[in-house]
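**Student:** What follows is structure-v1.cif, mmCIF, C-alpha atoms.
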data_structure
loop_
_atom_site.group_PDB
_atom_site.id
_atom_site.type_symbol
_atom_site.label_atom_id
_atom_site.label_comp_id
_atom_site.auth_asym_id
_atom_site.auth_seq_id
_atom_site.Cartn_x
_atom_site.Cartn_y
_atom_site.Cartn_z
ATOM 1 C CA MET A 33 -16.989 16.775 59.527
ATOM 2 C CA ALA A 34 -19.194 18.581 62.062
ATOM 3 C CA ASP A 35 -17.658 19.889 65.261
ATOM 4 C CA ASP A 36 -18.985 17.699 68.099
ATOM 5 C CA ASN A 37 -18.501 20.561 70.572
ATOM 6 C CA ALA A 38 -20.651 23.024 68.615
ATOM 7 C CA LYS A 39 -23.973 23.892 70.198
ATOM 8 C CA ALA A 40 -27.009 22.833 68.220
ATOM 9 C CA GLU A 41 -29.257 25.804 67.581
ATOM 10 C CA ILE A 42 -32.925 24.968 68.004
ATOM 11 C CA GLY A 43 -35.331 26.797 65.733
ATOM 12 C CA TRP A 44 -38.665 27.412 67.424
ATOM 13 C CA GLY A 45 -40.085 29.167 64.399
ATOM 14 C CA PRO A 46 -42.193 32.276 64.538
ATOM 15 C CA CYS A 47 -44.542 33.232 67.368
ATOM 16 C CA CYS A 48 -48.101 32.272 66.381
ATOM 17 C CA PHE A 49 -49.315 35.720 67.524
ATOM 18 C CA CYS A 50 -46.736 38.262 66.332
ATOM 19 C CA GLY A 51 -44.847 36.277 63.691
ATOM 20 C CA GLN A 52 -41.411 37.183 65.122
ATOM 21 C CA GLN A 53 -38.722 34.614 65.934
ATOM 22 C CA ILE A 54 -38.600 33.325 69.512
ATOM 23 C CA ASN A 55 -35.334 33.422 71.466
ATOM 24 C CA GLN A 56 -35.149 30.877 74.250
ATOM 25 C CA ASP A 57 -34.972 32.166 77.824
ATOM 26 C CA LYS A 58 -36.396 31.027 81.178
ATOM 27 C CA ILE A 59 -40.001 31.460 79.936
ATOM 28 C CA ASP A 60 -39.942 31.508 76.141
ATOM 29 C CA PRO A 61 -40.803 29.767 74.009
ATOM 30 C CA CYS A 62 -44.235 28.999 75.383
ATOM 31 C CA ARG A 63 -46.124 26.139 73.841
ATOM 32 C CA ILE A 64 -49.857 26.372 73.144
ATOM 33 C CA THR A 65 -51.613 23.035 72.706
ATOM 34 C CA ILE A 66 -55.129 22.874 71.321
ATOM 35 C CA GLU A 67 -57.150 19.684 71.620
ATOM 36 C CA THR A 68 -60.529 19.228 69.980
ATOM 37 C CA SER A 69 -63.444 17.260 71.395
ATOM 38 C CA GLY A 70 -62.521 14.612 68.799
ATOM 39 C CA GLN A 71 -59.098 14.263 70.497
ATOM 40 C CA ARG A 72 -57.165 15.832 67.643
ATOM 41 C CA TRP A 73 -54.424 18.234 68.703
ATOM 42 C CA GLN A 74 -51.927 20.746 67.415
ATOM 43 C CA VAL A 75 -49.085 22.715 69.044
ATOM 44 C CA TRP A 76 -47.851 26.258 68.342
ATOM 45 C CA PHE A 77 -44.989 28.215 69.940
ATOM 46 C CA CYS A 78 -45.311 31.804 71.122
ATOM 47 C CA HIS A 79 -43.779 34.514 73.293
ATOM 48 C CA ALA A 80 -45.152 34.591 76.846
ATOM 49 C CA GLU A 81 -45.867 38.310 76.486
ATOM 50 C CA CYS A 82 -47.821 37.758 73.254
ATOM 51 C CA PHE A 83 -49.902 35.051 74.919
ATOM 52 C CA ARG A 84 -50.660 37.247 77.932
ATOM 53 C CA SER A 85 -51.570 40.207 75.730
ATOM 54 C CA HIS A 86 -54.243 38.121 73.998
ATOM 55 C CA MET A 87 -55.895 36.913 77.213
ATOM 56 C CA THR A 88 -58.834 38.598 78.851
ATOM 57 C CA ASP A 89 -58.244 40.788 81.907
ATOM 58 C CA ASP A 90 -60.397 38.465 84.052
ATOM 59 C CA PRO A 91 -58.368 37.692 87.224
ATOM 60 C CA MET A 92 -59.768 34.148 87.245
ATOM 61 C CA LEU A 93 -57.769 33.458 84.059
ATOM 62 C CA GLU A 94 -54.486 35.081 85.107
ATOM 63 C CA PRO A 95 -51.532 32.777 84.233
ATOM 64 C CA ALA A 96 -49.944 31.496 87.431
ATOM 65 C CA ILE A 97 -46.507 30.640 86.049
ATOM 66 C CA PHE A 98 -45.367 33.799 84.272
#
Turn this file's structure into structure tokens for me.
**Tutor:**
Amino acid sequence: MADDNAKAEIGWGPCCFCGQQINQDKIDPCRITIETSGQRWQVWFCHAECFRSHMTDDPMLEPAIF
């Protein structure tokens, strides 16, 4: 019988940029949602740092949350 007091470990899977596992903290995992013009969508998880490192340096696109 499973221990009811045991913490359930959530598996976020690998980061869609670096392929490494994501440990949960106050920012990670980030969730990237892509929606097409045909209203189809998909979600991937990533590290905040990986996401930022793939963005352009344009200040108009600087993430406001992290």
**Student:** Let me make sure I understand: among A:Met92, A:His79, A:Cys48, A:Gln74, which one has the smallest atom-to-atom distance to Pro61 of chain A if we use only C-alpha atoms?
**Tutor:** A:His79
**Student:** For the file shown, what are the residues hit by the PyMOL selection byres ((chain A and resi 60) around 10), laid out as a ChimeraX atom specification?
**Tutor:** /A:44,54-59,61-63,77-81
**Student:** What does the structure give for the distance between atom CA of Thr88 of chain A and atom CA of Cys50 of chain A, in Å to one decimal?
**Tutor:** 17.4 Å
**Student:** I need the residue nearest Arg84 of chain A from this list: A:Ile97, A:Gly51, A:Gly45, A:Ile66. Use only C-alpha atoms for the distance.
**Tutor:**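 That would be A:Ile97, the residue with the smallest distance to Arg84 of chain A.
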**Student:** What does the structure give for the distance between atom CA of Thr65 of chain A and atom CA of Leu93 of chain A, in Å to one decimal?
**Tutor:**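 Distance reported for this atom pair: 16.6 Å.
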**Student:** Ranking A:Gln53, A:Gly43, A:Phe98, A:Gln71 by minimum distance to Phe83 of chain A and counting only C-alpha atoms, which one comes first?
**Tutor:**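 Under the stated criterion, the closest residue is A:Phe98.
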**Student:** Where's the centre, and what are the edge lengths in Å to one decimal, of a box along x, y and z enclosing all listed atoms of segment 72-91 of chain A padded 5 Å per side, as lines of an AutoDock Vina configuration file?
**Tutor:**
center_x = -52.1
center_y = 28.3
center_z = 77.3
size_x = 26.6
size_y = 35.0
size_z = 29.8
**Student:** How many Å separate atom CA of Trp73 of chain A from atom CA of Pro46 of chain A?
**Tutor:**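 Here the two named atoms are 19.1 Å from each other.
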**Student:** For Phe49 of chain A, which residue among A:Ala96, A:Ile64, A:Val75, A:Cys82 is the nearest when counting only C-alpha atoms?
**Tutor:**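 Closest to Phe49 of chain A of all the choices is A:Cys82.
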**Student:** With N, CA and C atoms as the goal, would you fill in the gaps in segment 58-70 of chain A and present it as a PDB file, keeping the file's coordinate frame?
**Tutor:**
ATOM      1  N   LYS A  58     -35.801  31.842  80.115  1.00  0.00           N
ATOM      2  CA  LYS A  58     -36.396  31.027  81.178  1.00  0.00           C
ATOM      3  C   LYS A  58     -37.901  30.823  81.009  1.00  0.00           C
ATOM      4  N   ILE A  59     -38.567  31.613  80.177  1.00  0.00           N
ATOM      5  CA  ILE A  59     -40.001  31.460  79.936  1.00  0.00           C
ATOM      6  C   ILE A  59     -40.296  31.075  78.487  1.00  0.00           C
ATOM      7  N   ASP A  60     -39.670  31.740  77.563  1.00  0.00           N
ATOM      8  CA  ASP A  60     -39.942  31.508  76.141  1.00  0.00           C
ATOM      9  C   ASP A  60     -39.090  30.369  75.594  1.00  0.00           C
ATOM     10  N   PRO A  61     -39.509  29.631  74.641  1.00  0.00           N
ATOM     11  CA  PRO A  61     -40.803  29.767  74.009  1.00  0.00           C
ATOM     12  C   PRO A  61     -41.885  29.066  74.822  1.00  0.00           C
ATOM     13  N   CYS A  62     -43.070  29.658  74.808  1.00  0.00           N
ATOM     14  CA  CYS A  62     -44.235  28.999  75.383  1.00  0.00           C
ATOM     15  C   CYS A  62     -44.824  28.093  74.322  1.00  0.00           C
ATOM     16  N   ARG A  63     -45.507  27.086  74.761  1.00  0.00           N
ATOM     17  CA  ARG A  63     -46.124  26.139  73.841  1.00  0.00           C
ATOM     18  C   ARG A  63     -47.630  26.151  74.097  1.00  0.00           C
ATOM     19  N   ILE A  64     -48.395  26.390  73.050  1.00  0.00           N
ATOM     20  CA  ILE A  64     -49.857  26.372  73.144  1.00  0.00           C
ATOM     21  C   ILE A  64     -50.333  25.089  72.487  1.00  0.00           C
ATOM     22  N   THR A  65     -51.074  24.287  73.230  1.00  0.00           N
ATOM     23  CA  THR A  65     -51.613  23.035  72.706  1.00  0.00           C
ATOM     24  C   THR A  65     -53.132  23.142  72.667  1.00  0.00           C
ATOM     25  N   ILE A  66     -53.684  22.861  71.506  1.00  0.00           N
ATOM     26  CA  ILE A  66     -55.129  22.874  71.321  1.00  0.00           C
ATOM     27  C   ILE A  66     -55.572  21.435  71.093  1.00  0.00           C
ATOM     28  N   GLU A  67     -56.603  21.017  71.818  1.00  0.00           N
ATOM     29  CA  GLU A  67     -57.150  19.684  71.620  1.00  0.00           C
ATOM     30  C   GLU A  67     -58.638  19.810  71.368  1.00  0.00           C
ATOM     31  N   THR A  68     -59.111  19.173  70.317  1.00  0.00           N
ATOM     32  CA  THR A  68     -60.529  19.228  69.980  1.00  0.00           C
ATOM     33  C   THR A  68     -61.301  18.170  70.766  1.00  0.00           C
ATOM     34  N   SER A  69     -62.620  18.267  70.726  1.00  0.00           N
ATOM     35  CA  SER A  69     -63.444  17.260  71.395  1.00  0.00           C
ATOM     36  C   SER A  69     -63.267  15.889  70.745  1.00  0.00           C
ATOM     37  N   GLY A  70     -62.800  15.871  69.495  1.00  0.00           N
ATOM     38  CA  GLY A  70     -62.521  14.612  68.799  1.00  0.00           C
ATOM     39  C   GLY A  70     -61.126  14.088  69.069  1.00  0.00           C
TER      40      GLY A  70
END
